[in-house]
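Below: model_23.txt (compact mmCIF, C-alpha atoms and all ligand atoms)
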# COMPACT_ATOMS: atom_id res chain seq x y z
CA MET A 27 133.28 52.64 18.47
CA HIS A 28 134.94 56.01 19.19
CA GLN A 29 134.63 58.79 16.61
CA ILE A 30 137.90 60.69 16.23
CA THR A 31 138.70 63.78 14.16
CA LEU A 32 141.91 63.11 12.23
CA ILE A 33 144.12 65.94 10.98
CA PRO A 34 147.04 64.50 8.95
CA GLY A 35 148.79 67.90 8.78
CA ASP A 36 151.70 69.09 6.61
CA GLY A 37 155.24 67.92 5.84
CA ILE A 38 155.84 64.52 7.42
CA GLY A 39 152.31 64.64 8.89
CA PRO A 40 150.61 62.42 6.26
CA GLU A 41 153.43 59.82 6.38
CA ILE A 42 153.37 59.38 10.15
CA THR A 43 149.56 59.52 10.22
CA ARG A 44 149.38 56.62 7.74
CA ALA A 45 151.73 54.67 10.00
CA VAL A 46 149.56 55.24 13.09
CA LEU A 47 146.38 54.33 11.19
CA ALA A 48 147.96 51.08 9.97
CA ILE A 49 149.04 50.11 13.51
CA PHE A 50 145.63 50.99 15.00
CA ALA A 51 143.89 48.97 12.27
CA ALA A 52 146.17 45.97 12.85
CA ALA A 53 145.44 46.14 16.59
CA GLN A 54 141.69 46.41 15.82
CA VAL A 55 141.34 49.52 17.95
CA PRO A 56 137.64 50.51 18.05
CA VAL A 57 137.96 53.96 16.45
CA GLN A 58 136.42 55.55 13.40
CA TRP A 59 138.35 58.39 11.78
CA ASP A 60 136.79 61.57 10.43
CA GLU A 61 139.63 63.04 8.38
CA HIS A 62 140.03 66.76 7.74
CA PRO A 63 142.91 68.83 6.41
CA ALA A 64 144.23 71.86 8.32
CA GLY A 65 146.98 74.41 7.70
CA GLN A 66 148.88 74.65 4.43
CA THR A 67 147.31 71.44 3.07
CA ALA A 68 143.80 72.74 3.81
CA PHE A 69 144.65 76.12 2.32
CA ASP A 70 145.83 74.53 -0.92
CA GLN A 71 142.67 72.39 -1.14
CA THR A 72 139.95 74.71 0.15
CA GLY A 73 141.38 78.24 0.39
CA GLU A 74 140.99 78.13 4.18
CA LEU A 75 143.57 77.25 6.85
CA LEU A 76 140.95 75.93 9.25
CA PRO A 77 137.86 74.88 7.28
CA GLN A 78 134.49 75.06 9.06
CA ARG A 79 134.01 71.32 8.49
CA LEU A 80 136.99 70.65 10.73
CA PHE A 81 135.43 72.72 13.53
CA ASP A 82 132.09 70.91 13.05
CA SER A 83 133.86 67.56 13.30
CA LEU A 84 135.80 68.50 16.46
CA GLU A 85 132.67 69.88 18.10
CA ARG A 86 130.93 66.55 17.42
CA THR A 87 133.74 64.11 18.34
CA ARG A 88 135.44 66.20 21.06
CA VAL A 89 138.65 64.21 20.42
CA GLY A 90 141.27 64.77 17.74
CA LEU A 91 144.52 63.20 16.60
CA LYS A 92 146.62 65.76 14.79
CA GLY A 93 149.77 65.67 12.68
CA PRO A 94 152.10 68.70 12.67
CA VAL A 95 151.12 71.81 10.75
CA THR A 96 153.59 74.20 9.11
CA THR A 97 153.61 77.82 10.32
CA PRO A 98 155.62 80.28 8.22
CA VAL A 99 158.36 82.12 10.17
CA GLY A 100 158.08 85.90 10.49
CA HIS A 101 155.36 86.52 7.91
CA GLY A 102 152.16 84.88 6.66
CA PHE A 103 149.38 83.33 8.68
CA ARG A 104 149.26 82.87 12.44
CA SER A 105 149.83 79.40 13.80
CA VAL A 106 146.95 77.04 13.16
CA ASN A 107 148.02 75.11 16.25
CA VAL A 108 147.78 78.17 18.49
CA ALA A 109 144.42 79.08 16.92
CA LEU A 110 142.94 75.63 17.69
CA ARG A 111 144.25 75.66 21.25
CA GLN A 112 142.80 79.12 21.89
CA LYS A 113 139.45 78.54 20.15
CA TYR A 114 138.65 75.47 22.25
CA ASP A 115 140.46 76.61 25.40
CA LEU A 116 142.76 73.57 25.34
CA TYR A 117 144.70 75.13 28.20
CA GLN A 118 146.77 72.12 29.23
CA ASN A 119 149.60 70.98 27.03
CA LEU A 120 150.72 67.70 28.51
CA ARG A 121 154.10 66.41 27.34
CA PRO A 122 155.54 63.30 28.97
CA ALA A 123 159.26 62.56 28.53
CA LYS A 124 160.31 59.10 29.62
CA SER A 125 163.47 57.13 28.91
CA ASN A 126 162.71 54.52 26.26
CA PRO A 127 164.03 51.00 26.73
CA GLY A 128 166.37 50.45 23.81
CA ILE A 129 167.07 54.10 22.98
CA HIS A 130 170.45 54.99 24.44
CA THR A 131 170.85 58.57 25.58
CA ARG A 132 172.96 60.30 28.24
CA TYR A 133 170.37 59.38 30.89
CA GLU A 134 168.47 56.14 31.41
CA ASN A 135 166.16 57.09 34.26
CA ILE A 136 164.02 60.01 33.13
CA ASP A 137 160.29 59.96 33.75
CA LEU A 138 158.85 63.43 33.80
CA VAL A 139 155.68 65.12 32.65
CA LEU A 140 155.59 68.70 31.52
CA PHE A 141 152.46 70.84 31.85
CA ARG A 142 152.68 73.84 29.57
CA GLU A 143 150.06 76.59 29.70
CA ASN A 144 148.69 76.51 26.18
CA THR A 145 146.58 79.58 25.46
CA GLU A 146 148.24 82.70 26.92
CA GLY A 147 151.64 84.26 27.52
CA LEU A 148 153.76 85.33 24.57
CA TYR A 149 151.53 83.22 22.30
CA SER A 150 148.54 85.48 22.93
CA GLY A 151 149.12 86.94 19.46
CA LEU A 152 149.12 90.50 20.81
CA GLU A 153 151.92 92.22 18.93
CA VAL A 154 152.36 95.74 17.62
CA TYR A 155 155.09 97.21 15.49
CA ASP A 156 155.78 100.93 15.67
CA GLU A 157 157.43 101.45 12.31
CA HIS A 158 158.30 105.07 13.06
CA HIS A 159 160.48 104.19 16.05
CA GLY A 160 161.40 100.70 14.85
CA ILE A 161 160.01 99.08 17.99
CA ALA A 162 158.08 95.80 18.23
CA ASP A 163 156.07 94.95 21.36
CA SER A 164 154.94 91.38 21.96
CA PHE A 165 152.62 91.14 24.92
CA ASN A 166 153.05 88.41 27.48
CA ARG A 167 149.41 88.25 28.54
CA ILE A 168 148.92 86.16 31.68
CA SER A 169 145.67 85.85 33.63
CA VAL A 170 145.06 84.77 37.21
CA ALA A 171 142.47 82.29 35.91
CA GLY A 172 144.91 80.88 33.33
CA CYS A 173 147.66 80.38 35.94
CA ARG A 174 145.24 78.75 38.37
CA HIS A 175 143.92 76.43 35.66
CA ILE A 176 147.30 75.07 34.59
CA CYS A 177 148.79 74.83 38.10
CA ARG A 178 145.74 73.03 39.41
CA ALA A 179 145.81 70.66 36.42
CA ALA A 180 149.47 69.80 37.09
CA PHE A 181 148.83 69.05 40.77
CA ALA A 182 145.64 67.10 40.05
CA TYR A 183 147.57 64.99 37.54
CA ALA A 184 150.41 64.43 40.03
CA ALA A 185 147.97 63.35 42.76
CA LYS A 186 146.01 61.07 40.42
CA HIS A 187 149.11 59.37 38.98
CA GLY A 188 150.98 58.94 42.25
CA ARG A 189 153.69 61.44 41.37
CA LYS A 190 155.67 62.97 44.21
CA LYS A 191 156.63 66.47 43.17
CA VAL A 192 155.61 69.46 41.06
CA THR A 193 158.27 71.98 40.00
CA LEU A 194 157.08 75.35 38.73
CA ALA A 195 159.48 77.01 36.26
CA HIS A 196 159.21 80.80 36.03
CA LYS A 197 161.03 84.11 35.64
CA ALA A 198 159.34 86.05 38.41
CA ASN A 199 162.63 87.80 39.30
CA ILE A 200 162.37 89.78 36.04
CA LEU A 201 158.73 89.39 34.97
CA LYS A 202 157.56 90.71 38.32
CA MET A 203 153.86 90.79 37.52
CA ALA A 204 153.25 87.88 35.16
CA GLY A 205 155.74 85.69 36.99
CA THR A 206 154.19 86.46 40.35
CA LEU A 207 150.70 85.50 39.15
CA MET A 208 152.08 82.11 38.19
CA LEU A 209 153.95 81.71 41.48
CA ASN A 210 150.84 82.61 43.47
CA ALA A 211 148.80 80.08 41.51
CA GLY A 212 151.45 77.44 42.17
CA LYS A 213 151.32 78.07 45.92
CA GLU A 214 147.52 77.95 45.93
CA ALA A 215 147.42 74.64 44.07
CA ALA A 216 150.13 73.22 46.35
CA ALA A 217 148.00 74.05 49.40
CA GLU A 218 145.14 72.12 47.85
CA PHE A 219 147.30 69.01 47.30
CA PRO A 220 149.41 68.65 50.45
CA GLY A 221 150.46 65.12 49.46
CA VAL A 222 152.50 66.48 46.54
CA VAL A 223 155.83 68.25 47.17
CA TYR A 224 156.06 71.70 45.60
CA GLU A 225 159.11 73.68 44.53
CA ASP A 226 159.79 76.51 42.11
CA LYS A 227 162.84 77.25 40.01
CA ILE A 228 163.87 80.17 37.86
CA ILE A 229 163.78 79.08 34.23
CA ASP A 230 167.49 79.58 33.43
CA ASN A 231 168.57 77.44 36.37
CA MET A 232 165.83 74.97 35.44
CA CYS A 233 167.43 74.44 32.01
CA MET A 234 170.82 73.81 33.59
CA GLN A 235 169.37 71.40 36.15
CA LEU A 236 167.45 69.55 33.44
CA VAL A 237 170.55 68.82 31.40
CA THR A 238 172.74 67.91 34.39
CA ARG A 239 170.36 66.12 36.82
CA PRO A 240 167.07 65.47 35.00
CA GLU A 241 166.13 62.54 37.24
CA GLN A 242 165.31 64.98 40.09
CA PHE A 243 162.18 66.17 38.22
CA ASP A 244 158.75 64.62 38.21
CA VAL A 245 155.94 66.95 37.10
CA ILE A 246 156.93 70.37 35.73
CA VAL A 247 154.47 73.23 35.23
CA THR A 248 155.20 76.45 33.38
CA THR A 249 153.92 79.19 31.07
CA ASN A 250 153.54 78.86 27.31
CA LEU A 251 156.91 79.95 25.86
CA PHE A 252 159.02 78.34 28.59
CA GLY A 253 157.00 75.15 28.17
CA ASP A 254 157.50 75.13 24.40
CA ILE A 255 161.27 75.39 24.85
CA LEU A 256 161.53 73.00 27.80
CA SER A 257 159.52 70.32 26.01
CA ASP A 258 161.96 70.14 23.08
CA LEU A 259 164.80 70.09 25.63
CA CYS A 260 163.14 67.19 27.45
CA ALA A 261 162.58 65.42 24.12
CA GLY A 262 166.30 65.65 23.53
CA LEU A 263 166.96 63.95 26.87
CA VAL A 264 164.98 60.83 25.97
CA GLY A 265 165.79 60.25 22.29
CA GLY A 266 164.71 63.30 20.33
CA LEU A 267 161.64 64.82 18.77
CA GLY A 268 160.78 61.61 16.95
CA VAL A 269 159.70 59.83 20.14
CA VAL A 270 157.82 62.21 22.45
CA ALA A 271 154.04 62.57 22.60
CA GLY A 272 151.78 65.42 23.54
CA ALA A 273 148.18 66.31 24.27
CA ASN A 274 146.23 69.57 24.24
CA ILE A 275 143.50 69.20 26.82
CA GLY A 276 140.57 71.39 27.77
CA ASP A 277 137.59 70.73 30.00
CA ASP A 278 135.51 69.21 27.20
CA MET A 279 137.84 68.56 24.25
CA ALA A 280 141.29 67.07 23.70
CA ILE A 281 143.58 67.07 20.66
CA PHE A 282 146.55 64.72 20.71
CA GLU A 283 149.69 65.57 18.75
CA ALA A 284 153.44 65.03 18.78
CA VAL A 285 155.76 67.70 20.19
CA HIS A 286 157.62 67.97 16.89
CA GLY A 287 156.75 70.01 13.81
CA SER A 288 156.28 69.19 10.13
CA ALA A 289 160.02 68.48 9.59
CA PRO A 290 160.20 69.90 6.05
CA ASP A 291 163.85 68.77 5.81
CA ILE A 292 162.81 65.10 5.65
CA ALA A 293 159.21 65.33 4.40
CA GLY A 294 158.17 62.95 1.65
CA GLN A 295 161.32 60.83 1.98
CA GLY A 296 159.92 57.98 4.08
CA LYS A 297 162.41 58.76 6.87
CA ALA A 298 160.14 60.17 9.59
CA ASN A 299 159.78 58.38 12.88
CA PRO A 300 156.07 57.84 13.62
CA THR A 301 156.72 56.99 17.31
CA ALA A 302 155.85 60.47 18.62
CA LEU A 303 152.46 60.55 16.89
CA LEU A 304 151.86 56.90 17.81
CA ARG A 305 152.56 57.63 21.48
CA SER A 306 150.21 60.62 21.23
CA GLY A 307 147.62 58.17 19.90
CA LEU A 308 148.26 55.95 22.92
CA LEU A 309 147.62 58.91 25.25
CA MET A 310 144.39 59.38 23.30
CA LEU A 311 143.40 55.75 23.89
CA GLU A 312 143.95 56.21 27.63
CA HIS A 313 141.82 59.36 27.50
CA LEU A 314 139.08 57.28 25.80
CA GLY A 315 139.29 54.59 28.48
CA GLU A 316 140.91 52.08 26.08
CA LYS A 317 144.04 51.41 28.12
CA ALA A 318 144.22 47.72 27.11
CA TYR A 319 144.69 48.59 23.42
CA ALA A 320 147.27 51.23 24.36
CA THR A 321 149.28 48.75 26.43
CA ARG A 322 149.28 46.15 23.67
CA ILE A 323 150.52 48.63 21.05
CA GLU A 324 153.07 50.09 23.46
CA GLN A 325 154.57 46.65 24.08
CA ALA A 326 154.99 46.09 20.33
CA LEU A 327 156.50 49.57 19.98
CA ASP A 328 158.94 49.08 22.88
CA ALA A 329 160.02 45.70 21.48
CA THR A 330 160.72 47.33 18.11
CA LEU A 331 162.67 50.21 19.69
CA GLN A 332 164.91 47.61 21.41
CA ASN A 333 166.30 46.62 18.03
CA GLN A 334 168.12 49.58 16.50
CA GLN A 335 168.21 47.93 13.07
CA GLU A 336 164.41 48.08 12.96
CA CYS A 337 164.31 51.80 13.81
CA THR A 338 164.30 54.93 11.67
CA GLY A 339 167.39 57.04 10.99
CA ASP A 340 166.87 59.52 13.84
CA LEU A 341 167.39 56.57 16.23
CA GLY A 342 170.45 55.29 14.38
CA GLY A 343 168.60 52.65 12.40
CA ARG A 344 168.08 52.21 8.68
CA ALA A 345 164.38 51.38 8.46
CA SER A 346 161.96 53.54 6.51
CA THR A 347 158.78 54.84 8.14
CA GLN A 348 156.90 51.98 6.49
CA GLU A 349 159.38 49.27 7.48
CA PHE A 350 159.42 50.47 11.09
CA THR A 351 155.61 50.41 11.06
CA GLN A 352 155.59 46.84 9.73
CA HIS A 353 158.03 45.77 12.47
CA ILE A 354 155.60 47.09 15.10
CA ILE A 355 152.60 45.43 13.44
CA SER A 356 154.42 42.09 13.25
CA LYS A 357 154.91 42.21 17.05
CA LEU A 358 151.30 42.97 17.95
P1 LIG B 1 160.55 70.20 13.62
O1 LIG B 1 160.11 69.62 14.91
O2 LIG B 1 159.62 70.04 12.46
O3 LIG B 1 161.96 69.57 13.21
C1 LIG B 1 163.15 69.75 13.98
C2 LIG B 1 164.16 68.65 13.62
O4 LIG B 1 163.70 67.39 14.15
C3 LIG B 1 164.30 68.45 12.11
O5 LIG B 1 165.63 68.14 11.82
C4 LIG B 1 163.41 67.26 11.83
O6 LIG B 1 163.81 66.49 10.70
C5 LIG B 1 163.52 66.44 13.11
N1 LIG B 1 162.28 65.69 13.37
C6 LIG B 1 161.11 66.20 13.83
N2 LIG B 1 160.18 65.25 13.91
C7 LIG B 1 160.77 64.10 13.50
C8 LIG B 1 160.31 62.76 13.34
N3 LIG B 1 159.04 62.40 13.64
N4 LIG B 1 161.17 61.82 12.87
C9 LIG B 1 162.43 62.16 12.59
N5 LIG B 1 162.94 63.41 12.71
C10 LIG B 1 162.11 64.38 13.16
O7 LIG B 1 160.83 71.75 13.90
P2 LIG B 1 161.09 72.95 12.89
O8 LIG B 1 161.90 72.50 11.74
O9 LIG B 1 161.58 74.02 13.76
O10 LIG B 1 159.65 73.37 12.38
C11 LIG B 1 159.09 72.98 11.12
C12 LIG B 1 157.65 73.48 11.02
O11 LIG B 1 156.82 72.81 11.96
C13 LIG B 1 157.49 74.99 11.29
O12 LIG B 1 156.58 75.49 10.32
C14 LIG B 1 156.85 75.04 12.66
O13 LIG B 1 156.05 76.17 12.85
C15 LIG B 1 156.01 73.77 12.64
N6 LIG B 1 155.70 73.24 13.99
C16 LIG B 1 154.46 72.70 14.15
C17 LIG B 1 154.11 72.11 15.34
C18 LIG B 1 152.74 71.54 15.46
O14 LIG B 1 152.03 71.37 14.48
N7 LIG B 1 152.33 71.17 16.64
C19 LIG B 1 155.05 72.05 16.47
C20 LIG B 1 156.36 72.58 16.18
C21 LIG B 1 156.66 73.16 14.97
MG MG B 2 157.40 73.49 20.03
As structure tokens, what does this structure read like?
Ligand code: NAI
Ligand code: MG
Amino acid sequence: MHQITLIPGDGIGPEITRAVLAIFAAAQVPVQWDEHPAGQTAFDQTGELLPQRLFDSLERTRVGLKGPVTTPVGHGFRSVNVALRQKYDLYQNLRPAKSNPGIHTRYENIDLVLFRENTEGLYSGLEVYDEHHGIADSFNRISVAGCRHICRAAFAYAAKHGRKKVTLAHKANILKMAGTLMLNAGKEAAAEFPGVVYEDKIIDNMCMQLVTRPEQFDVIVTTNLFGDILSDLCAGLVGGLGVVAGANIGDDMAIFEAVHGSAPDIAGQGKANPTALLRSGLLMLEHLGEKAYATRIEQALDATLQNQQECTGDLGGRASTQEFTQHIISKL
């Protein structure tokens, strides 16, 4: 039995978490959940955004499944997500985007995996505001070690999973120093994995190429902000934020979560698509060595996605979160 720390999160988080729990229970997946609030929900209950008991649980289980957490724009507390990633050095943010059978989009043949550096860059939290001059500085802190870590992880993943190519997306033409550190790390990792083709592209061109010829990409590696933006772009290519999974991985801990946020516009209405969190849960099962359970659930999910009537509104269907969940369970 695997012990997993469960963070339902805010907004649609509890709804989609319930859906995943129901599907895992129906498939008799050998996991035991240790549930803890985080973010706004935790603050309302305990007065803390990240209660110590959550840290204790994560340090014991070393594996988490996490719903989205709300971060106020502009003011208020710093992102709970960023804090967790930095505290446990979960430096790899893995975000696969694959065409789904049954979900019709502009492209049918996308199968790419994005590696986003998860702890540095413009998310380092180093910002100062000089009120007198009306100037804000946000520091893009990049380290040689951080670049090496994420580039090596992307190449190691490519080699392990039989992928052909790694594309590094950067802005080294303008960010001469930070961009060059990343480019150097990419070249170093490429030399270590000669069986994997390496290329680099400037981020603006990368965006254009992704929306015109996405099938040319395989594994993509990039810094934190570019990766955040590219991953939503890639989600859009394969059916939207409701269907793409993610994982925050360090050397001795991993937290699995969807790419999307807490979707306050649809929270509490039973409309949310639990697929993204479910797929994150399937990545978690692979991480735990439980591939057989993941495959069985994925087959039931894919069969449900084939029938638009059984899907949630974001995929053009009319099913509620609960109905969609029941359709998956009935196919297990
Ligand atoms: P969002 O991803 O929550 O929503 C963007 C759009 O996609 C909305 O129209 C939403 O309804 C839709 N959407 C997202 N997930 C969906 C799902 N599962 N099913 C159906 N539709 C879905 O992004 P937004 O609105 O920019 O951010 C809302 C909050 O989430 C913010 O506080 C933000 O900081 C936080 N956030 C948290 C993340 C995390 O916990 N990892 C990641 C991204 C944002
Ligand atoms: Mg994002």
Using only C-alpha atoms and all ligand atoms, which residues have at least one atom no more than 12 Å from ligand MG 2 (chain B)? Output them as number ranges by chain. A: 94-97, 105, 107-108, 119, 121, 142, 144, 149, 250-261, 267, 270-272, 283-289
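Counting all atoms listed in the file, the residue from A:Arg111, A:His28, A:Arg44, A:Lys124 that sits nearest to A:Arg86 is A:His28.
Of note, atom CA of A:Met208 and atom CA of A:Thr249 are spaced 7.9 Å apart.
Closest approach to A:Ile30 among A:Ile354, A:Ile281, A:Met232, A:Ser125 is made by A:Ile281 (distances from all atoms listed in the file).
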If we count only C-alpha atoms, what is near A:Ser169 at a cut-off of 10 Å, once residues fewer than 4 positions away on the same chain are taken out, given as a ChimeraX atom specification? /A:146-147,173-175,204,207-208
Using only C-alpha atoms and all ligand atoms, which of A:Thr321, A:Asn199, A:Gln335, A:Ser306 sits nearest ligand LIG 1 (chain B)? A:Ser306
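Put simply, atom CA of A:Ile275 is 19.1 Å away from atom CA of A:Leu194.
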